[in-house]
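Data block for run_37.cif (mmCIF, C-alpha atoms):
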data_my_file
loop_
_atom_site.label_atom_id
_atom_site.label_comp_id
_atom_site.auth_asym_id
_atom_site.auth_seq_id
_atom_site.Cartn_x
_atom_site.Cartn_y
_atom_site.Cartn_z
CA MET X 1 -7.08 -2.57 24.20
CA SER X 2 -5.12 -4.26 21.44
CA VAL X 3 -5.47 -5.06 17.81
CA GLN X 4 -5.88 -8.67 18.88
CA ARG X 5 -9.53 -7.96 19.63
CA LEU X 6 -10.02 -6.79 16.05
CA SER X 7 -8.08 -9.80 14.79
CA SER X 8 -10.34 -12.23 16.61
CA TRP X 9 -13.01 -11.85 14.00
CA CYS X 10 -11.24 -10.52 10.90
CA ILE X 11 -8.12 -12.67 10.73
CA PRO X 12 -9.98 -15.96 10.14
CA VAL X 13 -10.73 -14.71 6.63
CA LEU X 14 -7.05 -15.29 5.86
CA ALA X 15 -7.79 -18.96 5.41
CA GLY X 16 -10.09 -18.16 2.52
CA MET X 17 -7.71 -16.44 0.13
CA LEU X 18 -10.18 -17.06 -2.67
CA TRP X 19 -8.35 -20.17 -3.83
CA SER X 20 -9.85 -21.29 -7.08
CA GLY X 21 -6.67 -22.69 -8.60
CA PRO X 22 -3.86 -20.89 -10.40
CA SER X 23 -4.45 -19.23 -13.74
CA VAL X 24 -2.88 -20.47 -16.93
CA GLY X 25 0.87 -19.93 -16.77
CA GLN X 26 0.84 -19.38 -12.99
CA GLU X 27 2.50 -21.72 -10.54
CA LEU X 28 3.42 -21.98 -6.91
CA VAL X 29 7.02 -21.25 -5.98
CA PRO X 30 9.16 -24.32 -6.87
CA ASP X 31 11.60 -25.97 -4.49
CA GLN X 32 14.49 -23.70 -3.55
CA PRO X 33 18.11 -24.22 -2.47
CA ALA X 34 19.13 -23.64 1.15
CA GLY X 35 19.87 -20.02 0.33
CA TRP X 36 20.90 -17.52 -2.31
CA LEU X 37 23.83 -15.19 -2.73
CA VAL X 38 22.97 -12.41 -5.17
CA ARG X 39 25.81 -10.18 -6.37
CA ALA X 40 25.73 -7.27 -8.80
CA GLY X 41 27.74 -4.29 -9.97
CA THR X 42 25.83 -1.97 -7.65
CA LEU X 43 23.60 -2.36 -4.60
CA TRP X 44 21.32 0.40 -3.28
CA SER X 45 19.58 0.63 0.08
CA ASP X 46 18.31 3.71 1.90
CA GLY X 47 20.86 4.76 4.48
CA ASP X 48 23.73 3.01 2.73
CA GLY X 49 23.52 4.64 -0.68
CA PHE X 50 25.06 3.02 -3.75
CA VAL X 51 27.53 0.25 -2.91
CA ALA X 52 29.83 -0.99 -5.67
CA GLY X 53 30.12 -4.74 -5.99
CA GLY X 54 27.37 -5.28 -3.44
CA GLY X 55 25.75 -8.56 -2.57
CA VAL X 56 22.90 -9.96 -0.49
CA LEU X 57 22.83 -13.34 1.24
CA LEU X 58 19.36 -14.84 1.75
CA ARG X 59 18.55 -17.68 4.16
CA ASP X 60 15.42 -18.88 5.92
CA GLY X 61 13.32 -16.20 4.28
CA ARG X 62 15.44 -13.32 5.50
CA ILE X 63 18.48 -11.25 4.63
CA THR X 64 21.45 -12.56 6.60
CA ALA X 65 24.31 -10.48 5.15
CA VAL X 66 24.70 -7.41 2.93
CA GLY X 67 27.81 -5.78 1.50
CA PRO X 68 30.68 -6.04 -0.96
CA ASP X 69 32.87 -9.11 -1.39
CA LEU X 70 30.48 -11.59 0.20
CA GLU X 71 31.57 -15.22 -0.01
CA ALA X 72 29.08 -17.96 -0.84
CA PRO X 73 28.53 -20.78 1.68
CA ASP X 74 28.69 -24.22 0.09
CA ASP X 75 24.93 -24.86 0.25
CA VAL X 76 23.67 -21.68 -1.41
CA GLU X 77 23.13 -20.87 -5.05
CA VAL X 78 24.94 -17.86 -6.50
CA ILE X 79 23.57 -15.32 -8.97
CA ASP X 80 26.08 -12.86 -10.42
CA VAL X 81 24.97 -9.87 -12.51
CA PRO X 82 28.17 -7.83 -13.00
CA ASP X 83 26.44 -4.89 -14.67
CA GLY X 84 23.24 -5.15 -12.65
CA PHE X 85 21.63 -3.33 -9.74
CA ILE X 86 20.23 -4.81 -6.54
CA LEU X 87 17.34 -2.98 -4.84
CA PRO X 88 15.00 -3.71 -1.95
CA GLY X 89 11.68 -5.14 -3.06
CA LEU X 90 9.39 -2.34 -4.23
CA ILE X 91 6.33 -1.39 -2.17
CA GLU X 92 3.22 0.15 -3.69
CA ALA X 93 1.42 2.05 -0.93
CA HIS X 94 -2.08 2.17 -2.49
CA SER X 95 -3.46 -0.20 -5.10
CA GLN X 96 -6.44 -2.25 -6.25
CA THR X 97 -4.13 -4.88 -7.74
CA GLY X 98 -5.50 -8.37 -7.11
CA LEU X 99 -9.08 -7.11 -6.77
CA HIS X 100 -9.81 -7.15 -10.50
CA GLY X 101 -8.47 -8.92 -13.52
CA ASP X 102 -7.83 -12.55 -14.39
CA GLY X 103 -10.21 -14.88 -12.59
CA VAL X 104 -11.72 -12.15 -10.40
CA GLY X 105 -13.91 -9.79 -12.38
CA TRP X 106 -14.36 -6.40 -10.75
CA ASP X 107 -14.26 -6.63 -6.96
CA THR X 108 -13.00 -3.18 -6.03
CA ASP X 109 -16.22 -1.47 -4.86
CA GLU X 110 -19.28 -2.77 -3.02
CA ASP X 111 -21.22 0.27 -4.21
CA THR X 112 -24.59 -0.83 -2.83
CA ARG X 113 -24.38 1.52 0.16
CA PRO X 114 -22.15 4.51 0.86
CA ILE X 115 -20.35 3.13 3.94
CA THR X 116 -19.05 -0.45 3.98
CA ALA X 117 -16.59 -0.36 6.86
CA ASP X 118 -17.20 -4.06 7.53
CA LEU X 119 -15.58 -5.13 4.23
CA HIS X 120 -12.00 -6.34 3.83
CA ALA X 121 -9.99 -6.17 0.60
CA LEU X 122 -8.37 -9.43 1.68
CA ASP X 123 -11.64 -11.26 1.00
CA ALA X 124 -11.36 -10.29 -2.69
CA PHE X 125 -7.58 -10.45 -3.16
CA TYR X 126 -6.64 -13.13 -5.70
CA ALA X 127 -2.95 -14.05 -5.46
CA PHE X 128 -2.95 -15.68 -8.92
CA ALA X 129 -4.53 -12.77 -10.78
CA ALA X 130 -2.68 -11.55 -13.85
CA ASP X 131 -2.15 -8.07 -12.42
CA VAL X 132 -0.51 -9.51 -9.30
CA ALA X 133 1.93 -11.44 -11.51
CA SER X 134 2.55 -8.30 -13.55
CA ALA X 135 3.26 -6.31 -10.38
CA ARG X 136 5.69 -8.98 -9.21
CA ARG X 137 7.50 -9.09 -12.56
CA SER X 138 7.98 -5.31 -12.38
CA GLY X 139 9.65 -5.63 -8.97
CA ILE X 140 6.71 -4.92 -6.64
CA THR X 141 7.08 -7.43 -3.83
CA THR X 142 4.54 -5.89 -1.41
CA LEU X 143 1.44 -3.80 -2.03
CA LEU X 144 -1.37 -2.24 -0.06
CA ALA X 145 -4.55 -3.57 -1.66
CA THR X 146 -7.61 -1.52 -0.75
CA PRO X 147 -11.19 -1.15 -1.94
CA GLY X 148 -11.77 1.51 -4.59
CA GLY X 149 -13.07 5.03 -4.12
CA LYS X 150 -16.79 4.81 -4.85
CA ASN X 151 -17.76 4.51 -1.19
CA LEU X 152 -17.17 7.01 1.60
CA ILE X 153 -15.71 4.09 3.53
CA GLY X 154 -14.84 1.15 1.32
CA GLY X 155 -13.45 -1.15 3.99
CA SER X 156 -10.05 -2.25 5.25
CA GLY X 157 -6.94 -2.61 3.12
CA VAL X 158 -4.45 -5.45 3.42
CA LEU X 159 -0.67 -5.13 3.16
CA ILE X 160 0.33 -8.27 1.29
CA LYS X 161 3.24 -9.83 -0.60
CA THR X 162 2.83 -10.56 -4.31
CA ALA X 163 4.18 -14.13 -4.26
CA PRO X 164 1.87 -16.93 -5.44
CA ALA X 165 0.19 -18.40 -2.36
CA VAL X 166 -2.84 -20.41 -1.33
CA GLY X 167 -3.00 -19.47 2.34
CA ASP X 168 -2.21 -16.50 4.54
CA GLU X 169 1.59 -16.59 4.42
CA ASN X 170 1.72 -13.48 2.21
CA VAL X 171 -0.19 -11.24 4.61
CA VAL X 172 2.04 -8.62 6.24
CA ARG X 173 -0.69 -6.66 8.03
CA GLN X 174 -4.46 -7.12 8.19
CA PRO X 175 -6.17 -4.76 8.57
CA ALA X 176 -3.55 -2.24 7.49
CA VAL X 177 -5.73 0.84 6.81
CA LEU X 178 -9.37 1.86 6.62
CA LYS X 179 -10.00 3.18 3.10
CA MET X 180 -12.07 6.37 2.83
CA SER X 181 -12.92 8.54 -0.15
CA LEU X 182 -13.99 12.18 -0.44
CA GLY X 183 -14.86 14.35 -3.41
CA ASP X 184 -16.53 13.56 -6.71
CA GLU X 185 -16.25 9.76 -6.87
CA PRO X 186 -18.40 8.78 -3.84
CA LYS X 187 -21.10 11.23 -5.01
CA ARG X 188 -21.59 9.50 -8.35
CA THR X 189 -22.69 6.00 -7.44
CA ASN X 190 -25.01 5.64 -4.45
CA ALA X 191 -28.36 7.30 -3.84
CA ALA X 192 -26.56 9.35 -1.19
CA PRO X 193 -24.51 11.42 -0.70
CA LYS X 194 -24.90 13.93 -3.51
CA THR X 195 -22.89 16.81 -2.02
CA ARG X 196 -19.72 17.26 -0.01
CA MET X 197 -21.94 18.34 2.87
CA GLY X 198 -23.66 14.98 2.66
CA GLU X 199 -20.33 13.15 2.56
CA VAL X 200 -19.10 14.71 5.79
CA ALA X 201 -22.47 14.31 7.50
CA LEU X 202 -22.63 10.58 6.73
CA LEU X 203 -19.04 10.04 7.84
CA ARG X 204 -19.62 11.98 11.04
CA GLU X 205 -22.69 9.87 11.79
CA HIS X 206 -20.77 6.62 11.29
CA LEU X 207 -17.78 7.80 13.34
CA THR X 208 -20.06 8.94 16.15
CA ARG X 209 -21.76 5.56 16.25
CA ALA X 210 -18.37 3.80 16.18
CA ARG X 211 -17.18 5.91 19.10
CA LYS X 212 -20.32 5.02 21.08
CA TYR X 213 -19.80 1.35 20.16
CA GLU X 214 -16.25 1.51 21.52
CA GLU X 215 -17.41 3.19 24.72
CA ASP X 216 -20.11 0.55 25.26
CA ARG X 217 -17.62 -2.29 24.73
CA ASN X 218 -15.16 -0.74 27.18
CA GLN X 219 -17.91 -0.35 29.76
CA ALA X 220 -19.01 -3.95 29.29
CA GLU X 221 -15.45 -5.19 29.83
CA GLN X 222 -15.10 -3.10 32.97
CA ASN X 223 -18.34 -4.64 34.25
CA GLY X 224 -16.98 -8.12 33.66
CA GLU X 225 -19.41 -8.71 30.81
CA ARG X 226 -18.75 -10.13 27.38
CA PRO X 227 -18.98 -7.23 24.91
CA ALA X 228 -21.17 -7.59 21.84
CA VAL X 229 -19.37 -7.62 18.49
CA ASP X 230 -20.70 -5.65 15.52
CA ALA X 231 -18.66 -6.06 12.34
CA GLU X 232 -19.98 -2.73 11.02
CA PHE X 233 -17.93 -0.85 13.62
CA GLU X 234 -15.00 -3.09 14.54
CA THR X 235 -12.49 -1.69 12.03
CA THR X 236 -13.63 1.89 12.61
CA ALA X 237 -13.26 1.38 16.37
CA ALA X 238 -9.66 0.23 15.74
CA LEU X 239 -9.17 3.42 13.71
CA LEU X 240 -10.38 5.51 16.65
CA ARG X 241 -7.97 3.61 18.93
CA ARG X 242 -5.22 4.65 16.47
CA GLU X 243 -4.35 1.01 15.78
CA LEU X 244 -4.47 1.74 12.03
CA PRO X 245 -4.75 4.91 9.92
CA ALA X 246 -7.41 6.05 7.50
CA LEU X 247 -6.13 6.12 3.93
CA VAL X 248 -8.25 8.91 2.46
CA GLN X 249 -8.59 9.33 -1.30
CA ALA X 250 -8.93 13.08 -1.85
CA TYR X 251 -7.82 15.36 -4.68
CA THR X 252 -8.70 18.97 -3.84
CA THR X 253 -7.75 21.14 -0.89
CA LYS X 254 -11.44 21.24 0.08
CA ASP X 255 -11.64 17.46 0.42
CA ILE X 256 -8.25 17.30 2.13
CA ALA X 257 -9.47 19.91 4.63
CA ASN X 258 -12.60 17.85 5.31
CA ALA X 259 -10.46 14.78 6.01
CA LEU X 260 -8.28 16.76 8.42
CA ARG X 261 -11.32 18.23 10.17
CA LEU X 262 -12.79 14.79 10.77
CA SER X 263 -9.44 13.44 12.00
CA ASP X 264 -9.24 16.30 14.50
CA GLU X 265 -12.81 15.82 15.68
CA PHE X 266 -12.62 12.05 16.17
CA GLY X 267 -8.92 11.55 16.83
CA PHE X 268 -7.60 9.27 14.09
CA ASP X 269 -4.53 9.27 11.85
CA VAL X 270 -4.68 10.07 8.13
CA ILE X 271 -2.67 9.15 5.07
CA LEU X 272 -3.78 10.98 1.92
CA ALA X 273 -3.98 9.26 -1.47
CA TYR X 274 -3.70 11.09 -4.83
CA ALA X 275 -4.01 14.57 -3.21
CA THR X 276 -3.24 16.45 -6.43
CA GLN X 277 -3.62 19.81 -4.67
CA ALA X 278 -1.61 18.83 -1.60
CA HIS X 279 1.27 21.09 -2.60
CA LEU X 280 -1.02 24.09 -2.09
CA ILE X 281 -1.24 23.32 1.65
CA ALA X 282 2.12 21.56 2.04
CA GLY X 283 3.07 23.58 5.13
CA GLU X 284 -0.09 22.53 6.97
CA LEU X 285 0.40 18.87 6.04
CA ALA X 286 4.00 19.01 7.25
CA ARG X 287 2.93 20.64 10.53
CA ARG X 288 0.40 17.85 11.11
CA ASP X 289 2.76 15.12 9.82
CA VAL X 290 0.16 13.89 7.32
CA PRO X 291 1.82 11.71 4.64
CA VAL X 292 0.72 11.61 0.99
CA VAL X 293 0.69 8.67 -1.45
CA LEU X 294 1.00 10.25 -4.90
CA ALA X 295 0.59 9.16 -8.49
CA SER X 296 3.33 10.51 -10.75
CA ILE X 297 1.18 10.49 -13.91
CA LYS X 298 -2.31 11.93 -14.28
CA GLY X 299 -5.07 9.31 -14.12
CA LEU X 300 -6.74 8.25 -17.35
CA TRP X 301 -10.29 8.36 -16.01
CA TYR X 302 -11.63 11.89 -16.28
CA ARG X 303 -12.95 13.85 -13.34
CA TYR X 304 -12.82 17.62 -13.05
CA GLU X 305 -11.12 17.43 -9.65
CA LYS X 306 -8.03 15.91 -11.33
CA GLU X 307 -7.42 18.90 -13.58
CA SER X 308 -5.12 20.51 -11.02
CA PHE X 309 -2.65 17.63 -11.39
CA ASN X 310 0.94 18.90 -11.10
CA GLU X 311 3.99 16.71 -11.70
CA ARG X 312 5.97 18.88 -9.24
CA ASN X 313 3.60 17.92 -6.42
CA ALA X 314 6.02 15.31 -5.04
CA ALA X 315 9.08 17.57 -5.05
CA GLN X 316 7.18 20.49 -3.54
CA LEU X 317 5.77 18.33 -0.75
CA LEU X 318 9.23 16.96 0.06
CA ASP X 319 10.70 20.46 0.10
CA ALA X 320 8.05 21.41 2.67
CA GLY X 321 8.84 18.39 4.87
CA VAL X 322 5.85 16.18 3.95
CA ARG X 323 6.46 12.43 3.88
CA ILE X 324 5.51 10.82 0.56
CA ALA X 325 5.24 7.47 -1.20
CA LEU X 326 4.29 6.64 -4.79
CA GLN X 327 1.47 4.62 -6.32
CA LEU X 328 0.69 3.77 -9.92
CA GLY X 329 -2.81 5.21 -9.70
CA GLU X 330 -5.62 5.21 -12.22
CA GLY X 331 -3.25 5.55 -15.13
CA ASN X 332 -2.93 1.76 -14.93
CA PRO X 333 -6.45 0.58 -14.10
CA TYR X 334 -6.15 -2.91 -15.60
CA GLY X 335 -2.60 -3.83 -14.65
CA SER X 336 0.27 -2.90 -12.44
CA GLY X 337 2.37 -0.92 -14.88
CA ASP X 338 5.93 -0.20 -13.80
CA LEU X 339 6.40 1.52 -10.44
CA LEU X 340 10.10 2.24 -11.02
CA PHE X 341 9.32 3.87 -14.36
CA ASN X 342 6.67 6.03 -12.71
CA ALA X 343 9.12 7.05 -9.99
CA GLY X 344 11.77 7.83 -12.56
CA TYR X 345 9.34 10.08 -14.45
CA LEU X 346 9.48 12.49 -11.50
CA LEU X 347 13.24 13.00 -11.86
CA LYS X 348 12.59 15.64 -14.50
CA HIS X 349 10.05 17.28 -12.20
CA GLY X 350 12.37 18.01 -9.30
CA LEU X 351 12.63 14.70 -7.44
CA ALA X 352 16.15 13.56 -6.58
CA ARG X 353 17.25 10.09 -7.69
CA GLU X 354 17.60 8.63 -4.19
CA ASP X 355 14.29 10.19 -3.10
CA ALA X 356 12.58 8.54 -6.07
CA LEU X 357 13.95 5.18 -4.88
CA ARG X 358 12.95 5.84 -1.28
CA ALA X 359 9.41 6.69 -2.41
CA VAL X 360 8.92 3.09 -3.59
CA THR X 361 10.94 1.28 -0.88
CA SER X 362 11.76 2.64 2.58
CA TRP X 363 9.24 5.50 2.75
CA PRO X 364 6.11 3.41 2.08
CA ALA X 365 7.43 0.88 4.62
CA GLU X 366 7.63 3.67 7.19
CA LEU X 367 4.18 5.08 6.37
CA LEU X 368 2.59 1.65 6.75
CA GLY X 369 4.42 0.74 9.96
CA VAL X 370 6.58 -2.09 8.62
CA ALA X 371 9.99 -0.43 8.38
CA ASP X 372 11.37 -3.10 10.71
CA ARG X 373 10.72 -5.72 8.02
CA LEU X 374 10.58 -4.10 4.59
CA GLY X 375 12.00 -1.34 2.42
CA ARG X 376 15.73 -1.74 3.06
CA LEU X 377 18.47 -4.30 2.56
CA ARG X 378 19.59 -5.03 6.10
CA PRO X 379 20.39 -8.27 7.96
CA GLY X 380 17.28 -9.63 9.70
CA MET X 381 14.79 -8.03 7.33
CA ASP X 382 12.49 -9.94 4.98
CA GLY X 383 14.29 -11.45 2.00
CA ASP X 384 12.59 -9.22 -0.58
CA VAL X 385 15.10 -8.30 -3.28
CA VAL X 386 14.93 -7.11 -6.89
CA VAL X 387 17.78 -7.52 -9.39
CA LEU X 388 17.86 -5.25 -12.44
CA SER X 389 19.92 -5.60 -15.58
CA GLY X 390 21.05 -1.96 -15.34
CA PRO X 391 20.48 1.35 -13.52
CA PRO X 392 17.01 1.70 -11.93
CA PHE X 393 15.76 4.60 -14.07
CA ASP X 394 17.28 3.57 -17.37
CA PRO X 395 14.30 2.60 -19.57
CA ARG X 396 16.39 -0.23 -21.02
CA SER X 397 16.86 -1.89 -17.62
CA ARG X 398 14.88 -5.07 -17.05
CA VAL X 399 13.88 -6.89 -13.90
CA LEU X 400 15.95 -10.09 -14.01
CA HIS X 401 15.17 -11.68 -10.65
CA VAL X 402 12.63 -11.12 -7.88
CA PHE X 403 12.99 -12.65 -4.43
CA ILE X 404 10.14 -12.64 -1.91
CA ASN X 405 10.75 -14.03 1.57
CA GLY X 406 14.10 -15.30 0.35
CA GLN X 407 12.65 -17.35 -2.51
CA ARG X 408 13.22 -16.67 -6.18
CA MET X 409 9.90 -16.16 -7.88
CA PRO X 410 8.87 -18.31 -10.86
CA GLY X 411 8.79 -16.82 -14.32
CA GLU X 412 11.08 -13.90 -13.57
#

Represent the structure contained in this file as C-alpha cells.
Amino acid sequence: MSVQRLSSWCIPVLAGMLWSGPSVGQELVPDQPAGWLVRAGTLWSDGDGFVAGGGVLLRDGRITAVGPDLEAPDDVEVIDVPDGFILPGLIEAHSQTGLHGDGVGWDTDEDTRPITADLHALDAFYAFAADVASARRSGITTLLATPGGKNLIGGSGVLIKTAPAVGDENVVRQPAVLKMSLGDEPKRTNAAPKTRMGEVALLREHLTRARKYEEDRNQAEQNGERPAVDAEFETTAALLRRELPALVQAYTTKDIANALRLSDEFGFDVILAYATQAHLIAGELARRDVPVVLASIKGLWYRYEKESFNERNAAQLLDAGVRIALQLGEGNPYGSGDLLFNAGYLLKHGLAREDALRAVTSWPAELLGVADRLGRLRPGMDGDVVVLSGPPFDPRSRVLHVFINGQRMPGE
C-alpha cells in the first residue's frame, strides 16, 4: 500500500492555501533572469567543507554547478560577495511558523478534543504571514510546520518552502509527520487526560482503532470491495505503515520512554522534539536510531518539565551517536528568530562548527527524508541558497540574499 492512498483525500487541500491576499509589504516573487551565478569568498556544504572562492549556478529552479572559478553564461545574472559566505538554505525541523501571526490569529491547536489526527497544519499555513517572511529573511528556506503541543495528537505536519506562494508549489511533503505530544502540556487544556496514565491510555486506544481500520481496509481490498475512508484514522494508518514518522514533543525521560513504548507496541517510527532530558538516555536513543530535534535556548513559557534544560544536550547526544537537528522552539513564540544564531550559541556548549551547520541544513533534510533535494549544495538539488555578508556564526553577519527554487526572494 502506498502513500498515494493517503494523498487521495489529503492532497486536495493544497489548492486552498488560505489565500486571502498578501499582507502589507509582501509580494509574490518578481520576474527573474534565466539563471543566477552566486559567488562569494567562501562556500560551505556538508561533505565538501569550506571552499574558498566558491560559487553556485542556478537554473530552472535547481543547482546546476557548484565550485570555485565558475564562469557565468551570457543569460544569467551574477552576484559577487567577495567577503561573503554561501550556505545551503536552512531547514527548521519543527515549527509553528505560518500558523499564527499576521493575518492568521492563533491556529496552532484545535484544543477542543485531545486527539485530532484528522487535522493538517497545511490547512492553517499562511504563506504571507509576517513570521514566514521573518523566517525567510533569516535564511530559513524550508520548515516543518506542525500543530502545537496541546493535543495528544495534533494532526499532520507539512514540510514547506518559505517563498511567497498562492498555490501548492511550496509543498515539499504532505503529510510529513504526525505530531504527538506527551507530558504536561496535553494535560492542561482538555477535559481529559489529566495524568500520564491517561495520555498513554488514550493514545493506545486511538492506535488500536487505527490498526483495526487498516486491517479492515486491507481485507476489503482483498475482497475486491471499495474500502471505506475515515479521515480520523487515515494519517495514523499511514504512520502504522511507516510511510511517515511521529514527531513526538516530550521533555522528560518518562515521556520519552512512553513514546518509545508505544512505538514498539504499534510499530511506528519516532522523532523526538525538545527532549531536554534526552542526554540522560542517549545510549538507548542511539541504539534505537531515534533522532532528536532540539532547541538550543530554554523556552520562555514556564513548565516544570523544562527545568532540566541543558545546553550540552546537543553535544552529548552527538557524542553518543544520536542524530540531531535544531529548532527555534518556544523561545521565539511570535516570530522565527534566527536559526543560525541559535545554532551558533551551541558552539560554546561543545558543538563543533560544522556540526552546528549540519544541524540546520543536511541533518534535518535526512531526518525528514528529503536529503535527495535539500540540505546540501550539489548539482541537481533544489536551488535553495543563502548568502551571508560574513562568517555564519559572526553576530555581525547579515543575510544578503535568499534563493528558493532558484529564484531570488523579494525584500532580501

Do you have, as JSON lines, the list of residues of region 303-372 of chain X lying at most 9 Å from region 233-256 of chain X, each with its nearest atom pair and that distance in Å to one decimal, counting only C-alpha atoms and ordered by chain then number?
{"residue": "X:Glu305", "atom": "CA", "partner": "X:Tyr251", "partner_atom": "CA", "distance": 6.3}
{"residue": "X:Lys306", "atom": "CA", "partner": "X:Tyr251", "partner_atom": "CA", "distance": 6.7}
{"residue": "X:Ser308", "atom": "CA", "partner": "X:Thr252", "partner_atom": "CA", "distance": 8.2}
{"residue": "X:Phe309", "atom": "CA", "partner": "X:Tyr251", "partner_atom": "CA", "distance": 8.8}
{"residue": "X:Leu368", "atom": "CA", "partner": "X:Pro245", "partner_atom": "CA", "distance": 8.6}

Considering all atoms listed in the file, return as a VMD selection string whatever protein or nucleic-acid residues lie within 12 Å of Ala201 (chain X), sequence-local ones (same chain, fewer than 5 positions apart) excluded. chain X and resid 114 to 115 152 182 192 to 196 206 to 208 258 262

Given the file shown, enumerate the residues that the PyMOL selection byres ((chain X and resi 296) around 7) captures and present them as an mmCIF file with C-alpha atoms, in the frame of the given file.
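The new file out.cif reads:
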data_model
loop_
_atom_site.group_PDB
_atom_site.id
_atom_site.type_symbol
_atom_site.label_atom_id
_atom_site.label_comp_id
_atom_site.auth_asym_id
_atom_site.auth_seq_id
_atom_site.Cartn_x
_atom_site.Cartn_y
_atom_site.Cartn_z
ATOM 1 C CA LEU X 294 1.000 10.250 -4.900
ATOM 2 C CA ALA X 295 0.590 9.160 -8.490
ATOM 3 C CA ILE X 297 1.180 10.490 -13.910
ATOM 4 C CA LYS X 298 -2.310 11.930 -14.280
ATOM 5 C CA GLU X 311 3.990 16.710 -11.700
ATOM 6 C CA ASN X 342 6.670 6.030 -12.710
ATOM 7 C CA ALA X 343 9.120 7.050 -9.990
ATOM 8 C CA LEU X 346 9.480 12.490 -11.500
#

Just the number, please: distance in Å from CA of Tyr274 (chain X) to CA of Asp111 (chain X), one decimal. 20.6 Å

Name every residue that the PyMOL selection byres ((chain X and resi 403) around 12) selects in this structure, writing the answer as number ranges by chain with chains first and numbers rising. X: 29, 32, 35-38, 56-59, 61-63, 79, 86-90, 136-142, 161-164, 382-388, 399-402, 404-412

Let me know the residues the PyMOL selection byres ((chain X and resi 287) around 12) catches in the file above, as a short mmCIF file (atom, residue, chain, number, x, y, z; two decimals) with C-alpha atoms, keeping the file's coordinate frame.
data_model
loop_
_atom_site.label_atom_id
_atom_site.label_comp_id
_atom_site.auth_asym_id
_atom_site.auth_seq_id
_atom_site.Cartn_x
_atom_site.Cartn_y
_atom_site.Cartn_z
CA ILE X 281 -1.24 23.32 1.65
CA ALA X 282 2.12 21.56 2.04
CA GLY X 283 3.07 23.58 5.13
CA GLU X 284 -0.09 22.53 6.97
CA LEU X 285 0.40 18.87 6.04
CA ALA X 286 4.00 19.01 7.25
CA ARG X 288 0.40 17.85 11.11
CA ASP X 289 2.76 15.12 9.82
CA VAL X 290 0.16 13.89 7.32
CA PRO X 291 1.82 11.71 4.64
CA LEU X 317 5.77 18.33 -0.75
CA ALA X 320 8.05 21.41 2.67
CA GLY X 321 8.84 18.39 4.87
CA VAL X 322 5.85 16.18 3.95
CA ARG X 323 6.46 12.43 3.88
#

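As for CA of Lys150 (chain X) and CA of Ala176 (chain X), they are spaced 19.4 Å apart.
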
Among the residues X:Ala40, X:Leu377, X:Leu159, X:Ala275, the one that comes closest to Thr97 (chain X) [using only C-alpha atoms]: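 For Thr97 (chain X), the nearest of the candidates is X:Leu159.
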
Find the distance between CA of Leu99 (chain X) and CA of Ala165 (chain X) and write it in Å to one decimal.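 Calculated distance between CA of Leu99 (chain X) and CA of Ala165 (chain X) is 15.3 Å.
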
If we count all atoms listed in the file, what is near Asp230 (chain X) at a cut-off of 12 Å, once residues fewer than 3 positions away on the same chain are taken out, given as an MDAnalysis selection string? chainID X and resid 6 9:10 117:118 209:210 213:214 216:217 227 233:237

Centre and edges of the region 120-135 of chain X box, axis-aligned, 6 Å extra per side, as AutoDock Vina command-line options:
--center_x -4.4 --center_y -10.9 --center_z -5.0 --size_x 27.3 --size_y 21.5 --size_z 29.7

Selected residue of minimal separation from Met381 (chain X) among X:Ala365, X:Leu340, X:Asn218, X:Glu92, counting only C-alpha atoms: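 That would be X:Ala365, the residue with the smallest distance to Met381 (chain X).
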
I need the residue nearest Ala34 (chain X) from this list: X:Asp60, X:Leu351, X:Pro175, X:Val51. Use all atoms listed in the file for the distance.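 Checking each candidate against Ala34 (chain X), we get X:Asp60 as the closest.
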
Output as a PDB file, keeping the file's coordinate frame: region 391-401 of chain X, completed with N, CA and C atoms.
ATOM      1  N   PRO X 391      20.889   0.322 -14.474  1.00  0.00           N
ATOM      2  CA  PRO X 391      20.480   1.350 -13.520  1.00  0.00           C
ATOM      3  C   PRO X 391      18.954   1.434 -13.390  1.00  0.00           C
ATOM      4  N   PRO X 392      18.456   1.758 -12.195  1.00  0.00           N
ATOM      5  CA  PRO X 392      17.010   1.700 -11.930  1.00  0.00           C
ATOM      6  C   PRO X 392      16.149   2.541 -12.866  1.00  0.00           C
ATOM      7  N   PHE X 393      16.617   3.717 -13.278  1.00  0.00           N
ATOM      8  CA  PHE X 393      15.760   4.600 -14.070  1.00  0.00           C
ATOM      9  C   PHE X 393      16.154   4.651 -15.540  1.00  0.00           C
ATOM     10  N   ASP X 394      16.983   3.731 -15.947  1.00  0.00           N
ATOM     11  CA  ASP X 394      17.280   3.570 -17.370  1.00  0.00           C
ATOM     12  C   ASP X 394      16.133   2.768 -17.996  1.00  0.00           C
ATOM     13  N   PRO X 395      15.443   3.322 -19.002  1.00  0.00           N
ATOM     14  CA  PRO X 395      14.300   2.600 -19.570  1.00  0.00           C
ATOM     15  C   PRO X 395      14.665   1.270 -20.212  1.00  0.00           C
ATOM     16  N   ARG X 396      15.955   1.046 -20.444  1.00  0.00           N
ATOM     17  CA  ARG X 396      16.390  -0.230 -21.020  1.00  0.00           C
ATOM     18  C   ARG X 396      16.589  -1.309 -19.956  1.00  0.00           C
ATOM     19  N   SER X 397      16.619  -0.914 -18.691  1.00  0.00           N
ATOM     20  CA  SER X 397      16.860  -1.890 -17.620  1.00  0.00           C
ATOM     21  C   SER X 397      15.649  -2.784 -17.438  1.00  0.00           C
ATOM     22  N   ARG X 398      15.929  -4.069 -17.253  1.00  0.00           N
ATOM     23  CA  ARG X 398      14.880  -5.070 -17.050  1.00  0.00           C
ATOM     24  C   ARG X 398      14.999  -5.683 -15.667  1.00  0.00           C
ATOM     25  N   VAL X 399      13.872  -6.134 -15.145  1.00  0.00           N
ATOM     26  CA  VAL X 399      13.880  -6.890 -13.900  1.00  0.00           C
ATOM     27  C   VAL X 399      14.300  -8.323 -14.234  1.00  0.00           C
ATOM     28  N   LEU X 400      15.439  -8.748 -13.720  1.00  0.00           N
ATOM     29  CA  LEU X 400      15.950 -10.090 -14.010  1.00  0.00           C
ATOM     30  C   LEU X 400      15.492 -11.122 -12.985  1.00  0.00           C
ATOM     31  N   HIS X 401      15.512 -10.748 -11.709  1.00  0.00           N
ATOM     32  CA  HIS X 401      15.170 -11.680 -10.650  1.00  0.00           C
ATOM     33  C   HIS X 401      14.375 -10.941  -9.567  1.00  0.00           C
TER      34      HIS X 401
END
